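Asks: Take a look at the following structure, please.
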Amino acid sequence: MTTATAGGRAREAVGGGEVPVRWVWLAAWPVTAVFVLSNAATPLYVLWQREMGFGKGTLTVVFACYIAGLLGSLLVSGVLSDRIGRKPVLLPALGLALVACLVFATAGGVGALIAARLCTGIAVGAVVSAGMAAVTDVAGPARRRLAALLASCAMVFGAGLGPLLAGVLSETLPGPTVTVFAVEAVLLASAVVVVVRMPVRGAHGGRGGGGREARGWVRVPGVPRGTGWQLALGIAVFAPGITATSFVLSLGPSLLAGLLGTGSRIVSGALAFAMFLSATGVQFAVRRLGRHTVLAYGAGATALGMAALLLAVRTGSVAALAGAALLAGAGQGMGQLGGLSLLNSAVPGARLAEANAALNVGGYLPAGLLPVSAGYLSDAVGLTTGTTVFGATLAGLAVAGGGLVLLGRRRVPSAA
């Protein structure tokens, strides 16, 4: 029977038949392609710093402009996708990502980097709302868990592949800040082809809106009445996790340079790739566990990651820094999977993109603010002290998130 709940549109899209599972995997490719771009600049920041002469504070501002663009996009893209369809949101987002590639490749100053990061953030905001919802649409109601797993893994795998690809290409081929984005443009072009052919229907007609259909197109995204706890539990764990990985992405190369005495873009790219490979692998490892258990483990991994980060900066241990990155990735991966799974289990399809946007707003807001604060604090008092304050603060937030999950277990059944 065709339903209007999360994923039910996939059957309708092909005339009532179930979409082949290969299309569920293909539907996740645009998410991966855009997230490759999201972090492709990470290993290149050290190079741009040397050429343009800016400090750690400016570096984290450039990084945070991506999050500003993403948050602004989330205010529109989730609602827009639920009302007019996934493809009309995804195709312009991919076009904007291609523009960002061009600006990155020709950047001659901080202003260009900021513009490219803003464009990237807007594209990513559209993809984490419309793109992830499209995966659920294509999957159908019987494959909601698979949809949540693939959408989440597509995001973190792309986020990790970007810096590794950039690090290797920029060290081994000429034009280190050009070749990377030329390759990424090819990946994005292939994603455009996938979206055009994707078997997902146009729009949802405002069903399941819980009385919010008449509200404006630009608003803080939310969830239907009765599903607020699912959203709160997801944010409580996802937000500290993605904030931890954002810190490693923005200031990780500086920490590596201090601990190893090297500015190798391959090394910094490999560290970021390992972090997101951990985020991808752990989701497959825990996919059969209850949603609350996954969230609790995610909170614990983030807290342990911050403890390892404090050990790394206090002892100069590269192994501890690598451990911190791996644990941070695991924390983000489990927080993201648990949050998406709870939303997929409870939110109607007509509000799913908006719900995804709400989860990401709650996660990316601290992920933008805290690393920037740590960057400027590090400029003022030193990288060791700035990192210590950041790590201790985030560990406390992760522990608090884990406590909320244990409390919420009584209110929100794990198998909703």
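In the structure tokens, the first chain shown is A, the next is B, and so on; residue numbers restart at 1 for each chain, and ligands run from 1 in the order shown.
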Using only C-alpha atoms, which residues sit within 12 Å of Arg197 in chain A once same-chain residues fewer than 5 positions away are excluded, as a list in words?
Replies: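 Final neighbour list, sorted by chain and number: Ala13, Val14, Trp23, Leu26, Ala27, Pro30, Lys87, Leu91, Val138, Ser190, Ala191 and Val192 of chain A.
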Asks: Write out as a list in words each polymer residue whose atoms come within 9 Å of Leu102 in chain A, counting only C-alpha atoms; drop sequence neighbours fewer than 3 positions from it.
Replies: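 What passes the distance filter is Ala97, Leu98, Val99, Ala105, Thr106, Ala107, Ala116, Val178, Phe181, Ala182 and Ala185 of chain A.
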Asks: Store the residues picked out above in a file with N, CA and C atoms, as a CSV table (one decimal), in the first residue's frame.
Replies:
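Saved to part_29.csv:
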chain,number,residue,atom,x,y,z
A,97,ALA,N,27.2,24.9,-6.3
A,97,ALA,CA,28.4,24.2,-5.9
A,97,ALA,C,29.5,24.3,-7.0
A,98,LEU,N,29.0,24.2,-8.3
A,98,LEU,CA,30.0,24.3,-9.4
A,98,LEU,C,30.5,25.7,-9.5
A,99,VAL,N,29.7,26.7,-9.2
A,99,VAL,CA,30.2,28.1,-9.1
A,99,VAL,C,31.3,28.2,-8.0
A,105,ALA,N,39.0,27.9,-7.3
A,105,ALA,CA,40.1,27.7,-8.2
A,105,ALA,C,40.8,29.0,-8.6
A,106,THR,N,40.1,30.1,-8.6
A,106,THR,CA,40.7,31.3,-9.1
A,106,THR,C,40.9,32.3,-7.9
A,107,ALA,N,40.7,31.9,-6.7
A,107,ALA,CA,40.8,32.8,-5.5
A,107,ALA,C,42.1,33.5,-5.4
A,116,ALA,N,33.4,31.8,-1.8
A,116,ALA,CA,33.3,30.4,-2.2
A,116,ALA,C,32.8,29.5,-1.1
A,178,VAL,N,43.9,24.5,-8.1
A,178,VAL,CA,43.1,24.5,-9.3
A,178,VAL,C,42.6,23.0,-9.6
A,181,PHE,N,39.7,21.4,-7.6
A,181,PHE,CA,38.3,21.8,-7.8
A,181,PHE,C,37.9,21.5,-9.3
A,182,ALA,N,38.8,21.2,-10.2
A,182,ALA,CA,38.5,20.7,-11.5
A,182,ALA,C,37.9,19.3,-11.4
A,185,ALA,N,34.5,19.4,-9.8
A,185,ALA,CA,33.5,19.8,-10.8
A,185,ALA,C,33.0,18.6,-11.6
Asks: Produce a table with one row for each residue of range 314-370 of chain A that has an atom at most 9 Å from any atom of range 57-74 of chain A, each row naming the nearest atom pair and its distance in Å at one decimal; use only C-alpha atoms; arrange rows by chain and rising residue number; format as JSON lines.
Replies:
{"residue": "A:Glu354", "atom": "CA", "partner": "A:Leu74", "partner_atom": "CA", "distance": 8.1}
{"residue": "A:Ala357", "atom": "CA", "partner": "A:Leu74", "partner_atom": "CA", "distance": 5.4}
{"residue": "A:Ala358", "atom": "CA", "partner": "A:Leu74", "partner_atom": "CA", "distance": 7.6}
{"residue": "A:Asn360", "atom": "CA", "partner": "A:Leu74", "partner_atom": "CA", "distance": 7.9}
{"residue": "A:Val361", "atom": "CA", "partner": "A:Leu71", "partner_atom": "CA", "distance": 6.0}
{"residue": "A:Tyr364", "atom": "CA", "partner": "A:Ile67", "partner_atom": "CA", "distance": 6.5}
{"residue": "A:Leu365", "atom": "CA", "partner": "A:Leu71", "partner_atom": "CA", "distance": 7.4}
{"residue": "A:Ala367", "atom": "CA", "partner": "A:Ile67", "partner_atom": "CA", "distance": 7.8}
{"residue": "A:Gly368", "atom": "CA", "partner": "A:Ala64", "partner_atom": "CA", "distance": 5.1}
{"residue": "A:Leu369", "atom": "CA", "partner": "A:Ala64", "partner_atom": "CA", "distance": 7.5}
Asks: Identify which of the residues A:Met132, A:Val389, A:Leu309, A:Ala350 lies closest to Ala154 in chain A, counting only C-alpha atoms when measuring atom-to-atom distances.
Replies: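 For Ala154 in chain A, the nearest of the given residues is A:Met132.
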Asks: Please identify every residue of range 307-382 of chain A that has at least one atom no farther than 8 Å from an atom of range 220-242 of chain A, counting only C-alpha atoms, and for each give the shortest atom pair and the distance in Å to one decimal, arranged by chain then increasing number, as a tab-separated table.
Replies:
residue	atom	partner	partner_atom	distance
A:Ala328	CA	A:Gly241	CA	6.0
A:Gly329	CA	A:Gly241	CA	7.2
A:Ala330	CA	A:Gly241	CA	8.0
A:Gly331	CA	A:Gly241	CA	4.9
A:Gln332	CA	A:Gly241	CA	4.0
A:Gly333	CA	A:Gly241	CA	7.7
A:Met334	CA	A:Phe238	CA	7.7
A:Gly335	CA	A:Phe238	CA	4.2
A:Gln336	CA	A:Phe238	CA	5.4
A:Gly338	CA	A:Gly234	CA	6.4
A:Gly339	CA	A:Gly234	CA	3.8
A:Leu340	CA	A:Gly234	CA	7.4
A:Leu342	CA	A:Gln230	CA	5.6
A:Leu343	CA	A:Gln230	CA	6.3
A:Ala346	CA	A:Thr227	CA	6.6
A:Val347	CA	A:Pro224	CA	7.0
A:Arg351	CA	A:Val223	CA	7.0
A:Glu354	CA	A:Pro221	CA	5.6
A:Ala355	CA	A:Val223	CA	5.2
A:Ala357	CA	A:Pro221	CA	6.2
A:Ala358	CA	A:Pro221	CA	4.9
A:Leu359	CA	A:Ile235	CA	5.9
A:Asn360	CA	A:Ile235	CA	7.9
A:Gly362	CA	A:Ile235	CA	5.6
A:Gly363	CA	A:Ala239	CA	3.8
A:Tyr364	CA	A:Ala239	CA	6.7
A:Pro366	CA	A:Ala239	CA	6.7
A:Ala367	CA	A:Ile242	CA	6.2
Asks: Which residue, A:Leu96, A:Arg287, A:Asn356, A:Ala159, has the smallest gap to Ala274 in chain A when you use only C-alpha atoms?
Replies: A:Ala159
Asks: Residues of range 124-365 of chain A in helix (DSSP H, G or I) according to DSSP, as a PyMOL selection string?
Replies: chain A and resi 124-139+141-172+179-197+228-260+265-285+291-315+318-346+349-365
Asks: Which is closer to Val195 in chain A than all the others in A:Ala28, A:Leu352, A:Leu394, A:Ala301, using only C-alpha atoms?
Replies: A:Ala28
Asks: Please list as an MDAnalysis selection string every residue within 9 Å of Val34 in chain A, counting only C-alpha atoms and excluding residues in the same chain fewer than 5 positions away.
Replies: chainID A and resid 29 93:94 97 120 123:124 127 155 158:159 184 187:188 191
Asks: Atoms to include: all heavy atoms. Write the selected residues as a CSV table (one decimal), in the first residue's frame.
Replies:
chain,number,residue,atom,x,y,z
A,29,TRP,N,24.3,9.7,-4.0
A,29,TRP,CA,25.5,10.2,-4.6
A,29,TRP,C,25.6,11.7,-4.6
A,29,TRP,O,26.7,12.3,-4.3
A,29,TRP,CB,25.7,9.6,-6.0
A,29,TRP,CG,26.8,10.3,-6.8
A,29,TRP,CD1,26.7,11.0,-7.9
A,29,TRP,CD2,28.2,10.3,-6.4
A,29,TRP,NE1,27.9,11.4,-8.3
A,29,TRP,CE2,28.9,11.0,-7.4
A,29,TRP,CE3,28.9,9.8,-5.4
A,29,TRP,CZ2,30.2,11.3,-7.4
A,29,TRP,CZ3,30.3,10.0,-5.3
A,29,TRP,CH2,31.0,10.7,-6.3
A,93,ALA,N,21.2,23.8,-6.4
A,93,ALA,CA,22.3,23.7,-5.4
A,93,ALA,C,23.5,23.1,-6.0
A,93,ALA,O,24.6,23.6,-5.7
A,93,ALA,CB,21.8,22.8,-4.2
A,94,LEU,N,23.4,22.2,-6.9
A,94,LEU,CA,24.5,21.6,-7.6
A,94,LEU,C,25.2,22.7,-8.5
A,94,LEU,O,26.4,22.7,-8.6
A,94,LEU,CB,24.1,20.4,-8.4
A,94,LEU,CG,23.8,19.1,-7.5
A,94,LEU,CD1,23.1,18.1,-8.4
A,94,LEU,CD2,25.0,18.6,-6.8
A,97,ALA,N,27.2,24.9,-6.3
A,97,ALA,CA,28.4,24.2,-5.9
A,97,ALA,C,29.5,24.3,-7.0
A,97,ALA,O,30.7,24.4,-6.8
A,97,ALA,CB,28.1,22.7,-5.6
A,120,THR,N,29.3,27.3,-1.0
A,120,THR,CA,29.4,25.9,-0.6
A,120,THR,C,28.4,25.6,0.5
A,120,THR,O,27.7,24.6,0.4
A,120,THR,CB,30.8,25.6,-0.2
A,120,THR,OG1,31.8,25.8,-1.2
A,120,THR,CG2,30.9,24.1,0.2
A,123,ALA,N,24.8,25.5,-0.8
A,123,ALA,CA,24.6,24.2,-1.6
A,123,ALA,C,24.5,23.0,-0.6
A,123,ALA,O,23.6,22.2,-0.7
A,123,ALA,CB,25.8,23.9,-2.5
A,124,VAL,N,25.3,23.0,0.4
A,124,VAL,CA,25.3,21.9,1.4
A,124,VAL,C,24.0,22.0,2.2
A,124,VAL,O,23.3,20.9,2.5
A,124,VAL,CB,26.5,22.0,2.4
A,124,VAL,CG1,26.3,21.0,3.5
A,124,VAL,CG2,27.7,21.6,1.6
A,127,VAL,N,21.3,20.3,0.2
A,127,VAL,CA,21.5,18.9,0.1
A,127,VAL,C,21.2,18.1,1.4
A,127,VAL,O,20.6,17.1,1.3
A,127,VAL,CB,23.0,18.6,-0.3
A,127,VAL,CG1,23.3,17.1,-0.1
A,127,VAL,CG2,23.2,19.0,-1.8
A,155,MET,N,26.9,11.6,3.6
A,155,MET,CA,27.4,12.9,4.1
A,155,MET,C,28.8,12.8,4.6
A,155,MET,O,29.7,13.5,4.2
A,155,MET,CB,26.4,13.4,5.1
A,155,MET,CG,26.9,14.6,5.8
A,155,MET,SD,25.6,15.2,7.0
A,155,MET,CE,26.5,16.4,7.9
A,158,GLY,N,31.6,11.6,2.0
A,158,GLY,CA,32.0,12.7,1.2
A,158,GLY,C,32.8,13.8,1.9
A,158,GLY,O,33.8,14.3,1.4
A,159,ALA,N,32.4,14.1,3.2
A,159,ALA,CA,33.2,15.1,4.0
A,159,ALA,C,34.6,14.6,4.2
A,159,ALA,O,35.5,15.4,4.3
A,159,ALA,CB,32.4,15.3,5.3
A,184,GLU,N,36.6,18.0,-8.6
A,184,GLU,CA,35.3,18.1,-7.9
A,184,GLU,C,34.2,18.5,-8.9
A,184,GLU,O,33.1,18.0,-8.7
A,184,GLU,CB,35.5,19.0,-6.8
A,184,GLU,CG,34.2,19.5,-6.1
A,184,GLU,CD,33.3,18.3,-5.6
A,184,GLU,OE1,33.8,17.2,-5.6
A,184,GLU,OE2,32.2,18.6,-5.1
A,187,LEU,N,32.8,15.5,-10.5
A,187,LEU,CA,32.0,14.7,-9.6
A,187,LEU,C,30.6,15.4,-9.5
A,187,LEU,O,29.6,14.7,-9.5
A,187,LEU,CB,32.6,14.7,-8.2
A,187,LEU,CG,34.0,14.0,-8.1
A,187,LEU,CD1,34.4,13.9,-6.7
A,187,LEU,CD2,34.0,12.6,-8.7
A,188,LEU,N,30.6,16.7,-9.4
A,188,LEU,CA,29.3,17.4,-9.3
A,188,LEU,C,28.5,17.3,-10.6
A,188,LEU,O,27.2,17.1,-10.5
A,188,LEU,CB,29.5,18.9,-9.0
A,188,LEU,CG,30.0,19.2,-7.6
A,188,LEU,CD1,30.5,20.6,-7.5
A,188,LEU,CD2,29.0,18.9,-6.5
A,191,ALA,N,26.7,14.1,-10.5
A,191,ALA,CA,25.6,14.2,-9.5
A,191,ALA,C,24.4,14.8,-10.2
A,191,ALA,O,23.2,14.5,-9.9
A,191,ALA,CB,26.0,15.0,-8.3
Asks: Could you check the closest approach to Leu165 in chain A for each of A:Leu44, A:Arg145, A:Ser246, A:Ile84 and tell me which residue wins, using only C-alpha atoms?
Replies: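 Among the listed residues, A:Leu44 lies closest to Leu165 in chain A.
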Asks: Separation of CA of Gly391 in chain A and CA of Ala296 in chain A, in Å?
Replies: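 Straight-line distance from CA of Gly391 in chain A to CA of Ala296 in chain A works out to 19.0 Å.
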Asks: Just checking: using only C-alpha atoms, which residue out of A:Gly160, A:Gly386, A:Pro141, A:Gly305 ends up closest to Gly323 in chain A?
Replies: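 Closest to Gly323 in chain A, using only C-alpha atoms: A:Gly305.
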Asks: Mind giving me the straight-line distance from CA of Leu150 in chain A to CA of Val19 in chain A in Å, one decimal?
Replies: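 It comes out at 15.4 Å.
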Asks: As an exercise, work out the distance from CA of Arg291 in chain A to CA of Leu146 in chain A in Å and give it to one decimal place.
Replies: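 Straight-line distance from CA of Arg291 in chain A to CA of Leu146 in chain A works out to 13.5 Å.
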Asks: Taking into account only C-alpha atoms, which residue in the set A:Ser378, A:Ser152, A:Thr293, A:Ser268 is nearest to Phe35 in chain A?
Replies: A:Ser152
